[in-house]
>>> print(open('query-v7.txt').read())   # compact mmCIF, C-alpha atoms and all ligand atoms
# COMPACT_ATOMS: atom_id res chain seq x y z
CA MET A 1 -84.09 142.99 315.83
CA GLN A 2 -86.40 140.35 314.28
CA ALA A 3 -85.89 141.93 310.84
CA LEU A 4 -82.17 141.06 311.05
CA PHE A 5 -83.05 137.37 310.65
CA GLY A 6 -85.24 137.93 307.58
CA LEU A 7 -87.40 134.93 308.50
CA GLU A 8 -90.72 136.80 308.72
CA GLY A 9 -93.23 135.05 306.42
CA LYS A 10 -90.60 132.61 305.06
CA ARG A 11 -91.87 129.06 304.57
CA ILE A 12 -89.44 126.59 306.15
CA LEU A 13 -89.63 122.79 306.12
CA VAL A 14 -88.25 121.10 309.26
CA LEU A 15 -87.71 117.34 308.90
CA GLY A 16 -87.76 115.66 312.32
CA GLY A 17 -89.46 118.71 313.82
CA GLY A 18 -91.51 116.76 316.35
CA GLN A 19 -88.86 116.35 319.04
CA GLY A 20 -85.53 117.54 320.42
CA MET A 21 -83.32 119.67 318.14
CA GLY A 22 -86.03 119.73 315.45
CA GLU A 23 -88.71 120.87 317.89
CA ALA A 24 -86.44 123.60 319.31
CA THR A 25 -85.74 124.78 315.74
CA VAL A 26 -89.44 124.89 314.87
CA ARG A 27 -90.24 126.94 317.98
CA GLN A 28 -87.35 129.36 317.43
CA ILE A 29 -87.93 130.11 313.75
CA ALA A 30 -91.71 130.33 314.29
CA ALA A 31 -91.05 132.91 317.04
CA LEU A 32 -89.00 134.84 314.45
CA GLY A 33 -91.99 134.89 312.10
CA ALA A 34 -91.31 131.88 309.85
CA HIS A 35 -94.18 129.69 308.69
CA VAL A 36 -93.06 126.17 309.53
CA ALA A 37 -93.99 122.84 307.93
CA VAL A 38 -93.29 120.34 310.73
CA VAL A 39 -92.55 116.84 309.45
CA ASP A 40 -92.21 113.80 311.67
CA ARG A 41 -92.72 110.06 311.16
CA GLU A 42 -94.62 110.22 314.48
CA ILE A 43 -97.64 112.32 313.50
CA GLU A 44 -98.63 113.02 317.13
CA ARG A 45 -95.24 114.71 317.69
CA ALA A 46 -95.62 116.92 314.60
CA GLU A 47 -99.20 117.79 315.60
CA SER A 48 -98.31 118.56 319.21
CA VAL A 49 -95.44 120.94 318.26
CA THR A 50 -97.63 122.55 315.59
CA ALA A 51 -100.50 123.05 318.07
CA SER A 52 -98.20 124.74 320.55
CA VAL A 53 -96.74 127.07 317.87
CA LEU A 54 -100.29 128.00 316.76
CA ALA A 55 -101.33 128.57 320.40
CA SER A 56 -98.50 131.06 320.83
CA GLY A 57 -99.56 133.01 317.73
CA GLY A 58 -97.10 131.45 315.25
CA LYS A 59 -97.77 129.77 311.91
CA ALA A 60 -97.15 126.04 311.43
CA ALA A 61 -98.67 122.92 309.87
CA ALA A 62 -98.04 119.25 310.61
CA PHE A 63 -97.12 116.60 308.04
CA SER A 64 -96.08 112.99 308.43
CA PHE A 65 -93.96 110.77 306.20
CA ASP A 66 -90.93 108.51 306.49
CA VAL A 67 -87.86 110.19 304.96
CA LEU A 68 -86.23 106.78 304.44
CA ASP A 69 -88.90 105.85 301.87
CA ASP A 70 -87.79 107.61 298.64
CA ASP A 71 -91.27 107.75 297.11
CA ALA A 72 -92.88 108.94 300.35
CA LEU A 73 -90.18 111.60 300.76
CA VAL A 74 -90.60 113.02 297.24
CA ALA A 75 -94.41 112.87 297.49
CA GLY A 76 -94.29 114.38 301.00
CA ILE A 77 -92.27 117.41 299.89
CA ALA A 78 -94.63 117.90 296.93
CA GLU A 79 -97.61 117.71 299.34
CA VAL A 80 -96.02 120.32 301.64
CA GLU A 81 -95.44 122.69 298.72
CA ARG A 82 -98.98 122.15 297.39
CA ASP A 83 -100.85 122.45 300.72
CA PHE A 84 -98.55 124.75 302.69
CA GLY A 85 -96.90 126.76 299.93
CA PRO A 86 -93.57 127.05 298.11
CA LEU A 87 -90.57 126.62 300.40
CA ASP A 88 -87.88 129.21 301.18
CA GLY A 89 -85.80 126.87 303.30
CA MET A 90 -85.35 123.42 304.74
CA ALA A 91 -83.65 122.07 307.85
CA THR A 92 -83.34 118.46 308.88
CA VAL A 93 -82.18 116.94 312.15
CA ILE A 94 -82.99 113.31 311.31
CA GLY A 95 -80.09 110.92 311.87
CA MET A 96 -78.99 108.06 314.06
CA ALA A 97 -75.91 105.94 314.77
CA ALA A 98 -75.37 102.19 314.82
CA TRP A 99 -72.91 100.96 317.44
CA GLY A 100 -70.08 98.59 316.53
CA SER A 101 -66.43 98.43 315.52
CA LEU A 102 -65.41 98.33 311.85
CA LEU A 103 -64.63 94.63 312.23
CA GLU A 104 -68.11 93.86 313.56
CA ILE A 105 -70.34 96.00 311.38
CA ASP A 106 -72.46 94.14 308.80
CA MET A 107 -73.37 95.61 305.41
CA ALA A 108 -77.07 96.04 306.24
CA THR A 109 -76.07 98.23 309.19
CA TRP A 110 -73.60 100.15 307.00
CA ASP A 111 -76.36 100.80 304.45
CA LEU A 112 -78.84 101.83 307.16
CA ASP A 113 -76.43 104.44 308.55
CA GLN A 114 -75.82 105.86 305.05
CA SER A 115 -79.61 105.98 304.40
CA ARG A 116 -80.69 107.60 307.64
CA ASN A 117 -77.89 110.18 307.80
CA LEU A 118 -76.76 110.99 304.25
CA ARG A 119 -78.85 109.47 301.45
CA TYR A 120 -82.27 110.87 302.41
CA PHE A 121 -80.76 114.35 302.90
CA PHE A 122 -79.40 114.35 299.33
CA LEU A 123 -82.82 113.44 297.93
CA ALA A 124 -84.76 115.88 300.13
CA ALA A 125 -82.38 118.79 299.52
CA ARG A 126 -82.41 118.17 295.76
CA GLU A 127 -86.23 118.12 295.64
CA VAL A 128 -86.42 121.41 297.56
CA ALA A 129 -83.61 122.97 295.50
CA ARG A 130 -85.27 121.94 292.20
CA SER A 131 -88.47 123.64 293.29
CA MET A 132 -86.60 126.81 294.29
CA MET A 133 -84.73 126.84 290.95
CA ALA A 134 -87.98 126.37 288.98
CA ARG A 135 -89.42 129.40 290.82
CA LYS A 136 -86.14 131.38 290.60
CA ALA A 137 -86.43 131.70 294.40
CA PRO A 138 -83.40 131.85 296.70
CA GLY A 139 -83.23 129.58 299.74
CA SER A 140 -81.26 128.01 302.53
CA ILE A 141 -80.79 124.32 303.31
CA VAL A 142 -79.35 123.03 306.60
CA CYS A 143 -78.57 119.55 307.86
CA VAL A 144 -77.19 118.11 311.09
CA SER A 145 -73.95 116.14 311.02
CA SER A 146 -71.82 115.36 314.10
CA VAL A 147 -68.31 115.85 315.42
CA ASP A 148 -68.09 112.12 314.57
CA GLY A 149 -68.06 113.22 310.93
CA MET A 150 -65.10 115.54 311.49
CA ARG A 151 -62.67 113.24 313.30
CA SER A 152 -62.42 109.47 313.86
CA ALA A 153 -65.54 107.81 315.22
CA PRO A 154 -64.59 104.58 317.00
CA ASN A 155 -67.62 102.25 317.25
CA HIS A 156 -69.53 104.76 315.11
CA GLY A 157 -67.61 104.09 311.88
CA SER A 158 -70.54 103.83 309.47
CA TYR A 159 -72.29 106.81 311.10
CA GLY A 160 -69.08 108.89 311.07
CA ALA A 161 -68.54 108.17 307.37
CA ALA A 162 -72.14 109.18 306.56
CA LYS A 163 -71.90 112.36 308.65
CA ALA A 164 -68.58 113.23 306.95
CA GLY A 165 -70.44 112.77 303.66
CA LEU A 166 -72.79 115.61 304.64
CA VAL A 167 -69.81 117.93 305.22
CA ASN A 168 -68.60 117.26 301.68
CA LEU A 169 -72.04 117.20 300.06
CA VAL A 170 -72.94 120.74 301.17
CA ARG A 171 -69.69 121.97 299.61
CA THR A 172 -70.79 120.53 296.26
CA MET A 173 -74.27 122.00 296.76
CA ALA A 174 -72.62 125.37 297.45
CA ALA A 175 -70.54 125.08 294.27
CA GLU A 176 -73.43 123.95 292.04
CA TRP A 177 -76.37 125.82 293.59
CA SER A 178 -74.94 129.24 294.54
CA PRO A 179 -75.69 130.59 291.05
CA TYR A 180 -79.38 129.94 291.85
CA GLY A 181 -79.15 131.74 295.22
CA ILE A 182 -79.40 128.54 297.22
CA ARG A 183 -77.12 128.12 300.25
CA ALA A 184 -76.38 124.80 302.04
CA ASN A 185 -74.66 124.42 305.40
CA VAL A 186 -74.10 121.88 308.18
CA VAL A 187 -74.40 122.05 311.95
CA ALA A 188 -72.16 119.48 313.67
CA PRO A 189 -73.19 118.85 317.28
CA GLY A 190 -70.94 117.56 320.01
CA PRO A 191 -72.52 115.88 323.05
CA ILE A 192 -76.08 117.23 323.31
CA ILE A 193 -78.81 116.49 325.85
CA THR A 194 -81.84 115.26 323.89
CA PRO A 195 -85.03 113.34 324.68
CA ARG A 196 -83.31 110.23 323.26
CA ILE A 197 -80.02 110.74 325.18
CA PRO A 198 -81.06 112.59 328.38
CA HIS A 199 -78.84 114.13 331.06
CA ARG A 200 -77.66 111.47 333.52
CA GLY A 201 -75.17 113.27 335.76
CA ASP A 202 -73.43 109.96 336.54
CA THR A 203 -69.71 109.14 336.69
CA GLU A 204 -69.57 107.96 333.07
CA GLU A 205 -71.15 111.17 331.77
CA ARG A 206 -68.84 113.33 333.92
CA ALA A 207 -65.80 111.37 332.64
CA MET A 208 -66.91 112.03 329.03
CA MET A 209 -67.06 115.77 329.78
CA VAL A 210 -63.43 115.95 330.97
CA ASN A 211 -62.22 116.48 327.40
CA VAL A 212 -64.94 118.98 326.53
CA PRO A 213 -63.48 122.43 327.26
CA MET A 214 -66.88 123.72 328.42
CA HIS A 215 -67.27 120.64 330.69
CA ARG A 216 -70.93 120.15 329.93
CA ARG A 217 -73.24 118.74 327.31
CA GLY A 218 -75.02 121.19 325.04
CA THR A 219 -78.76 121.71 324.70
CA VAL A 220 -81.19 121.33 321.83
CA GLN A 221 -81.50 125.14 321.95
CA ASP A 222 -77.76 125.45 321.20
CA ILE A 223 -78.35 123.44 318.00
CA ALA A 224 -81.54 125.35 317.12
CA ASN A 225 -79.58 128.62 317.43
CA ALA A 226 -76.98 127.43 314.90
CA ILE A 227 -79.63 126.11 312.49
CA THR A 228 -81.50 129.42 312.78
CA PHE A 229 -78.29 131.30 311.91
CA PHE A 230 -77.87 129.27 308.71
CA LEU A 231 -81.55 129.59 307.73
CA SER A 232 -81.52 133.33 308.35
CA ASP A 233 -80.16 136.37 306.51
CA LEU A 234 -77.43 136.61 309.20
CA SER A 235 -75.56 133.95 307.17
CA GLY A 236 -76.40 135.46 303.78
CA TYR A 237 -72.79 135.18 302.50
CA VAL A 238 -72.12 131.74 304.07
CA THR A 239 -72.47 128.48 302.16
CA GLY A 240 -70.80 125.06 302.05
CA GLN A 241 -69.74 125.41 305.68
CA THR A 242 -69.84 123.21 308.75
CA LEU A 243 -70.25 124.80 312.18
CA ALA A 244 -69.33 122.62 315.16
CA VAL A 245 -71.54 123.29 318.17
CA ASP A 246 -69.54 121.18 320.58
CA GLY A 247 -68.41 123.11 323.66
CA GLY A 248 -64.93 123.26 322.13
CA SER A 249 -64.51 119.47 321.73
CA LEU A 250 -62.88 119.68 318.30
CA ALA A 251 -60.54 122.41 319.52
CA THR A 252 -58.79 120.16 322.05
CA SER A 253 -55.38 118.59 321.49
CA PRO A 254 -54.32 115.06 322.42
CA PHE A 255 -51.17 116.65 323.92
CA PHE A 256 -53.09 118.86 326.33
CA HIS A 257 -55.12 117.27 329.10
CA LEU A 258 -57.93 119.42 330.41
CA ALA A 259 -58.17 117.13 333.43
CA ASP A 260 -54.58 117.98 334.50
CA GLY A 261 -55.33 121.03 336.56
CA HIS A 262 -57.18 122.98 333.87
CA ALA A 263 -60.73 122.00 334.75
CA PRO A 264 -62.73 124.61 336.66
CA THR A 265 -62.90 123.87 340.40
N1 LIG A 301 -77.45 113.87 320.83
C1 LIG A 301 -76.20 114.04 320.49
O1 LIG A 301 -75.32 114.13 321.36
C2 LIG A 301 -75.81 114.18 319.04
C3 LIG A 301 -74.46 114.39 318.74
C4 LIG A 301 -74.08 114.56 317.41
C5 LIG A 301 -75.06 114.52 316.42
N2 LIG A 301 -76.36 114.29 316.74
C6 LIG A 301 -77.32 114.28 315.63
O2 LIG A 301 -78.42 115.10 316.00
C7 LIG A 301 -79.56 114.73 315.22
C8 LIG A 301 -80.81 114.75 316.06
O3 LIG A 301 -80.77 113.74 316.97
P1 LIG A 301 -81.97 113.58 318.01
O4 LIG A 301 -81.64 112.43 318.90
O5 LIG A 301 -82.28 114.89 318.66
O6 LIG A 301 -83.19 113.24 317.02
P2 LIG A 301 -84.42 112.24 317.25
O7 LIG A 301 -83.95 110.83 317.08
O8 LIG A 301 -85.11 112.60 318.51
O9 LIG A 301 -85.29 112.56 315.98
C9 LIG A 301 -86.00 113.79 315.84
C10 LIG A 301 -87.34 113.46 315.25
O10 LIG A 301 -87.18 112.88 313.96
C11 LIG A 301 -88.18 111.89 313.75
N3 LIG A 301 -87.74 110.90 312.77
C12 LIG A 301 -86.76 109.97 312.96
N4 LIG A 301 -86.63 109.20 311.85
C13 LIG A 301 -87.53 109.68 310.94
C14 LIG A 301 -87.86 109.30 309.61
N5 LIG A 301 -87.24 108.28 309.02
N6 LIG A 301 -88.80 110.02 308.95
C15 LIG A 301 -89.44 111.07 309.57
N7 LIG A 301 -89.18 111.44 310.84
C16 LIG A 301 -88.23 110.77 311.52
C17 LIG A 301 -88.38 111.28 315.14
O11 LIG A 301 -89.69 110.70 315.25
C18 LIG A 301 -88.15 112.46 316.08
O12 LIG A 301 -89.35 113.05 316.53
C19 LIG A 301 -79.21 113.43 314.54
O13 LIG A 301 -78.89 113.68 313.19
C20 LIG A 301 -77.97 112.95 315.30
O14 LIG A 301 -77.13 112.16 314.52
C21 LIG A 301 -76.76 114.12 318.02
>>> encode(input="query-v7.txt", output="structure tokens")
Amino acid sequence: MQALFGLEGKRILVLGGGQGMGEATVRQIAALGAHVAVVDREIERAESVTASVLASGGKAAAFSFDVLDDDALVAGIAEVERDFGPLDGMATVIGMAAWGSLLEIDMATWDLDQSRNLRYFFLAAREVARSMMARKAPGSIVCVSSVDGMRSAPNHGSYGAAKAGLVNLVRTMAAEWSPYGIRANVVAPGPIITPRIPHRGDTEERAMMVNVPMHRRGTVQDIANAITFFLSDLSGYVTGQTLAVDGGSLATSPFFHLADGHAPT
């Protein structure tokens, strides 16, 4: 079964691999035989995940740089390729949202949301793609958007616009980079339980789940599964796509209320 994924011996860079969705991705692809370069701004996180992969017989190495620093990002990817080896794939989970209505948001916050969700991904993906092209090596690139990038995002306007940018950017990458054998795809999570936004089980969280057809938040493993699909040979003819992993959230209609007798008892 492992051969189906085609990840055995592939060198994959995971940006933000020290925690949550990134950590789950590192563990999963390492278990499928990938050699994983784990990057995190918090070096202890990258080292701890790497140590646990090595302890379970996998192959990984820890690196630390800040993806929001252009020079550090370019130098960091070069360091990974020099010390770890040429990359066959890259996944990133790094991203964060500012809170505030469109009327409130200041331009520094707007710029920060573009940088930490969209801008760094463009630079990182282009560096990795250039290296693959120079080696005439195929590859797969995956980023994490959000359902906020696929519909309106009240109080997340700058984040939603940046996440929507990812959805469009991978289409252009698909159009321009397919001739080189490089695929690019997006995973768009709905509400996911993460170390930063843990499960609460309170009234507010339950109320939020009313309009999620599956009536629960997803897990970091759900996201790792989708990222693994895009990194693997299982998606060999798929590029420029966005896969929502959202318990059906985007499939709902404003004219159909799940709470009106359709929720499971
Ligand atoms: N949790 C949700 O419900 C949800 C919903 C939709 C989308 N998302 C998206 O999921 C992604 C992952 O979110 P998360 O909360 O699991 O991630 P996170 O904030 O826990 O970050 C993962 C890792 O990335 C590292 N990191 C952060 N900034 C970095 C930087 N500048 N340079 C290097 N490393 C850095 C962190 O140290 C952390 O270990 C984000 O892109 C987020 O927008 C989350």
>>> residues_around(input="query-v7.txt", residues="range 72-88 of chain A", least_positions_apart="4", cutoff="8 Å", atoms="only C-alpha atoms", output="list in words")
Lys10, Arg11, Ile12, Leu13, Ala37, Ala61, Phe63, Ser64, Phe65, Asp66, Val67, Leu68, Leu123, Ala124, Glu127, Val128, Ser131, Met132, Ala137, Pro138, Gly139 and Ser140 of chain A
>>> axis_aligned_box(input="query-v7.txt", around="ligand LIG 301 (chain A)", padding_each_side="5 Å", output="JSON")
{"center_x": -81.9, "center_y": 111.7, "center_z": 315.2, "size_x": 25.6, "size_y": 16.8, "size_z": 22.4}
>>> residues_near_ligand(input="query-v7.txt", ligand="ligand LIG 301 (chain A)", cutoff="9 Å", atoms="all atoms listed in the file", output="PDB file with C-alpha atoms, in the coordinates of the input")
ATOM      1  CA  LEU A  15     -87.710 117.340 308.900  1.00  0.00           C
ATOM      2  CA  GLY A  16     -87.760 115.660 312.320  1.00  0.00           C
ATOM      3  CA  GLY A  17     -89.460 118.710 313.820  1.00  0.00           C
ATOM      4  CA  GLY A  18     -91.510 116.760 316.350  1.00  0.00           C
ATOM      5  CA  GLN A  19     -88.860 116.350 319.040  1.00  0.00           C
ATOM      6  CA  GLY A  20     -85.530 117.540 320.420  1.00  0.00           C
ATOM      7  CA  MET A  21     -83.320 119.670 318.140  1.00  0.00           C
ATOM      8  CA  GLY A  22     -86.030 119.730 315.450  1.00  0.00           C
ATOM      9  CA  GLU A  23     -88.710 120.870 317.890  1.00  0.00           C
ATOM     10  CA  VAL A  39     -92.550 116.840 309.450  1.00  0.00           C
ATOM     11  CA  ASP A  40     -92.210 113.800 311.670  1.00  0.00           C
ATOM     12  CA  ARG A  41     -92.720 110.060 311.160  1.00  0.00           C
ATOM     13  CA  GLU A  42     -94.620 110.220 314.480  1.00  0.00           C
ATOM     14  CA  ILE A  43     -97.640 112.320 313.500  1.00  0.00           C
ATOM     15  CA  ARG A  45     -95.240 114.710 317.690  1.00  0.00           C
ATOM     16  CA  ALA A  46     -95.620 116.920 314.600  1.00  0.00           C
ATOM     17  CA  SER A  64     -96.080 112.990 308.430  1.00  0.00           C
ATOM     18  CA  PHE A  65     -93.960 110.770 306.200  1.00  0.00           C
ATOM     19  CA  ASP A  66     -90.930 108.510 306.490  1.00  0.00           C
ATOM     20  CA  VAL A  67     -87.860 110.190 304.960  1.00  0.00           C
ATOM     21  CA  LEU A  68     -86.230 106.780 304.440  1.00  0.00           C
ATOM     22  CA  ASP A  69     -88.900 105.850 301.870  1.00  0.00           C
ATOM     23  CA  LEU A  73     -90.180 111.600 300.760  1.00  0.00           C
ATOM     24  CA  THR A  92     -83.340 118.460 308.880  1.00  0.00           C
ATOM     25  CA  VAL A  93     -82.180 116.940 312.150  1.00  0.00           C
ATOM     26  CA  ILE A  94     -82.990 113.310 311.310  1.00  0.00           C
ATOM     27  CA  GLY A  95     -80.090 110.920 311.870  1.00  0.00           C
ATOM     28  CA  MET A  96     -78.990 108.060 314.060  1.00  0.00           C
ATOM     29  CA  ALA A  97     -75.910 105.940 314.770  1.00  0.00           C
ATOM     30  CA  ARG A 116     -80.690 107.600 307.640  1.00  0.00           C
ATOM     31  CA  ASN A 117     -77.890 110.180 307.800  1.00  0.00           C
ATOM     32  CA  TYR A 120     -82.270 110.870 302.410  1.00  0.00           C
ATOM     33  CA  CYS A 143     -78.570 119.550 307.860  1.00  0.00           C
ATOM     34  CA  VAL A 144     -77.190 118.110 311.090  1.00  0.00           C
ATOM     35  CA  SER A 145     -73.950 116.140 311.020  1.00  0.00           C
ATOM     36  CA  SER A 146     -71.820 115.360 314.100  1.00  0.00           C
ATOM     37  CA  VAL A 147     -68.310 115.850 315.420  1.00  0.00           C
ATOM     38  CA  ASP A 148     -68.090 112.120 314.570  1.00  0.00           C
ATOM     39  CA  GLY A 149     -68.060 113.220 310.930  1.00  0.00           C
ATOM     40  CA  TYR A 159     -72.290 106.810 311.100  1.00  0.00           C
ATOM     41  CA  LYS A 163     -71.900 112.360 308.650  1.00  0.00           C
ATOM     42  CA  VAL A 187     -74.400 122.050 311.950  1.00  0.00           C
ATOM     43  CA  ALA A 188     -72.160 119.480 313.670  1.00  0.00           C
ATOM     44  CA  PRO A 189     -73.190 118.850 317.280  1.00  0.00           C
ATOM     45  CA  GLY A 190     -70.940 117.560 320.010  1.00  0.00           C
ATOM     46  CA  PRO A 191     -72.520 115.880 323.050  1.00  0.00           C
ATOM     47  CA  ILE A 192     -76.080 117.230 323.310  1.00  0.00           C
ATOM     48  CA  ILE A 193     -78.810 116.490 325.850  1.00  0.00           C
ATOM     49  CA  THR A 194     -81.840 115.260 323.890  1.00  0.00           C
ATOM     50  CA  PRO A 195     -85.030 113.340 324.680  1.00  0.00           C
ATOM     51  CA  ARG A 196     -83.310 110.230 323.260  1.00  0.00           C
ATOM     52  CA  ILE A 197     -80.020 110.740 325.180  1.00  0.00           C
ATOM     53  CA  PRO A 198     -81.060 112.590 328.380  1.00  0.00           C
ATOM     54  CA  ARG A 217     -73.240 118.740 327.310  1.00  0.00           C
ATOM     55  CA  GLY A 218     -75.020 121.190 325.040  1.00  0.00           C
ATOM     56  CA  THR A 219     -78.760 121.710 324.700  1.00  0.00           C
ATOM     57  CA  VAL A 220     -81.190 121.330 321.830  1.00  0.00           C
ATOM     58  CA  ILE A 223     -78.350 123.440 318.000  1.00  0.00           C
ATOM     59  CA  ASP A 246     -69.540 121.180 320.580  1.00  0.00           C
TER      60      ASP A 246
END
>>> residues_near_point(input="query-v7.txt", point="(-74.8, 100.3, 307.3)", cutoff="12 Å", atoms="only C-alpha atoms", output="VMD selection string")
chain A and resid 96 to 102 104 to 119 156 to 162
>>> closest_residue(input="query-v7.txt", among="A:Ser52, A:Thr172, A:Asn225, A:Thr242", to="Met150 in chain A", atoms="all atoms listed in the file")
A:Thr242
>>> closest_residue(input="query-v7.txt", among="A:Arg171, A:Arg183, A:Lys136, A:Arg206", to="Gly89 in chain A", atoms="all atoms listed in the file")
A:Arg183
>>> decode(input="query-v7.txt", residues="range 181-245 of chain A", atoms="C-alpha atoms", output="PDB file, in the first residue's frame")
ATOM      1  CA  GLY A 181       6.327  18.533 -13.865  1.00  0.00           C
ATOM      2  CA  ILE A 182       5.623  20.692 -10.831  1.00  0.00           C
ATOM      3  CA  ARG A 183       2.143  20.543  -9.272  1.00  0.00           C
ATOM      4  CA  ALA A 184       0.693  23.102  -6.807  1.00  0.00           C
ATOM      5  CA  ASN A 185      -2.464  22.669  -4.743  1.00  0.00           C
ATOM      6  CA  VAL A 186      -4.271  24.137  -1.739  1.00  0.00           C
ATOM      7  CA  VAL A 187      -5.910  22.605   1.313  1.00  0.00           C
ATOM      8  CA  ALA A 188      -8.644  24.848   2.747  1.00  0.00           C
ATOM      9  CA  PRO A 189      -9.533  23.927   6.332  1.00  0.00           C
ATOM     10  CA  GLY A 190     -12.818  24.664   8.025  1.00  0.00           C
ATOM     11  CA  PRO A 191     -12.920  24.770  11.841  1.00  0.00           C
ATOM     12  CA  ILE A 192     -10.011  22.634  13.075  1.00  0.00           C
ATOM     13  CA  ILE A 193      -8.896  21.803  16.613  1.00  0.00           C
ATOM     14  CA  THR A 194      -5.267  22.911  16.917  1.00  0.00           C
ATOM     15  CA  PRO A 195      -2.851  23.652  19.766  1.00  0.00           C
ATOM     16  CA  ARG A 196      -3.547  27.363  19.161  1.00  0.00           C
ATOM     17  CA  ILE A 197      -7.367  26.980  19.011  1.00  0.00           C
ATOM     18  CA  PRO A 198      -8.112  23.951  21.242  1.00  0.00           C
ATOM     19  CA  HIS A 199     -11.416  22.123  21.735  1.00  0.00           C
ATOM     20  CA  ARG A 200     -13.603  23.954  24.264  1.00  0.00           C
ATOM     21  CA  GLY A 201     -16.925  22.110  24.181  1.00  0.00           C
ATOM     22  CA  ASP A 202     -18.736  25.243  25.400  1.00  0.00           C
ATOM     23  CA  THR A 203     -22.004  26.787  24.208  1.00  0.00           C
ATOM     24  CA  GLU A 204     -20.284  29.155  21.762  1.00  0.00           C
ATOM     25  CA  GLU A 205     -18.352  26.328  20.104  1.00  0.00           C
ATOM     26  CA  ARG A 206     -21.480  24.141  19.875  1.00  0.00           C
ATOM     27  CA  ALA A 207     -23.419  27.060  18.327  1.00  0.00           C
ATOM     28  CA  MET A 208     -20.677  27.463  15.681  1.00  0.00           C
ATOM     29  CA  MET A 209     -21.009  23.775  14.788  1.00  0.00           C
ATOM     30  CA  VAL A 210     -24.753  24.022  14.038  1.00  0.00           C
ATOM     31  CA  ASN A 211     -24.035  25.062  10.451  1.00  0.00           C
ATOM     32  CA  VAL A 212     -21.305  22.473   9.930  1.00  0.00           C
ATOM     33  CA  PRO A 213     -23.028  19.410   8.426  1.00  0.00           C
ATOM     34  CA  MET A 214     -20.702  17.063  10.325  1.00  0.00           C
ATOM     35  CA  HIS A 215     -21.412  18.976  13.577  1.00  0.00           C
ATOM     36  CA  ARG A 216     -17.849  18.852  14.810  1.00  0.00           C
ATOM     37  CA  ARG A 217     -14.502  20.522  14.350  1.00  0.00           C
ATOM     38  CA  GLY A 218     -11.898  18.677  12.323  1.00  0.00           C
ATOM     39  CA  THR A 219      -8.499  17.471  13.508  1.00  0.00           C
ATOM     40  CA  VAL A 220      -4.953  18.262  12.467  1.00  0.00           C
ATOM     41  CA  GLN A 221      -4.846  14.681  11.121  1.00  0.00           C
ATOM     42  CA  ASP A 222      -7.714  15.521   8.724  1.00  0.00           C
ATOM     43  CA  ILE A 223      -5.551  18.321   7.290  1.00  0.00           C
ATOM     44  CA  ALA A 224      -2.392  16.163   7.219  1.00  0.00           C
ATOM     45  CA  ASN A 225      -4.332  13.534   5.231  1.00  0.00           C
ATOM     46  CA  ALA A 226      -5.285  16.088   2.561  1.00  0.00           C
ATOM     47  CA  ILE A 227      -1.751  17.528   2.382  1.00  0.00           C
ATOM     48  CA  THR A 228      -0.367  13.991   2.067  1.00  0.00           C
ATOM     49  CA  PHE A 229      -2.754  13.314  -0.833  1.00  0.00           C
ATOM     50  CA  PHE A 230      -1.469  16.372  -2.716  1.00  0.00           C
ATOM     51  CA  LEU A 231       2.195  15.577  -1.982  1.00  0.00           C
ATOM     52  CA  SER A 232       1.766  11.969  -3.057  1.00  0.00           C
ATOM     53  CA  ASP A 233       1.424  10.159  -6.388  1.00  0.00           C
ATOM     54  CA  LEU A 234      -2.279   9.628  -5.577  1.00  0.00           C
ATOM     55  CA  SER A 235      -2.817  13.178  -6.905  1.00  0.00           C
ATOM     56  CA  GLY A 236      -0.429  12.798  -9.852  1.00  0.00           C
ATOM     57  CA  TYR A 237      -2.911  14.328 -12.354  1.00  0.00           C
ATOM     58  CA  VAL A 238      -4.194  17.058  -9.979  1.00  0.00           C
ATOM     59  CA  THR A 239      -2.851  20.610  -9.981  1.00  0.00           C
ATOM     60  CA  GLY A 240      -4.144  24.133  -9.390  1.00  0.00           C
ATOM     61  CA  GLN A 241      -6.889  22.791  -7.130  1.00  0.00           C
ATOM     62  CA  THR A 242      -8.282  23.701  -3.735  1.00  0.00           C
ATOM     63  CA  LEU A 243      -9.681  20.972  -1.497  1.00  0.00           C
ATOM     64  CA  ALA A 244     -11.917  22.125   1.365  1.00  0.00           C
ATOM     65  CA  VAL A 245     -11.529  19.961   4.458  1.00  0.00           C
TER      66      VAL A 245
END
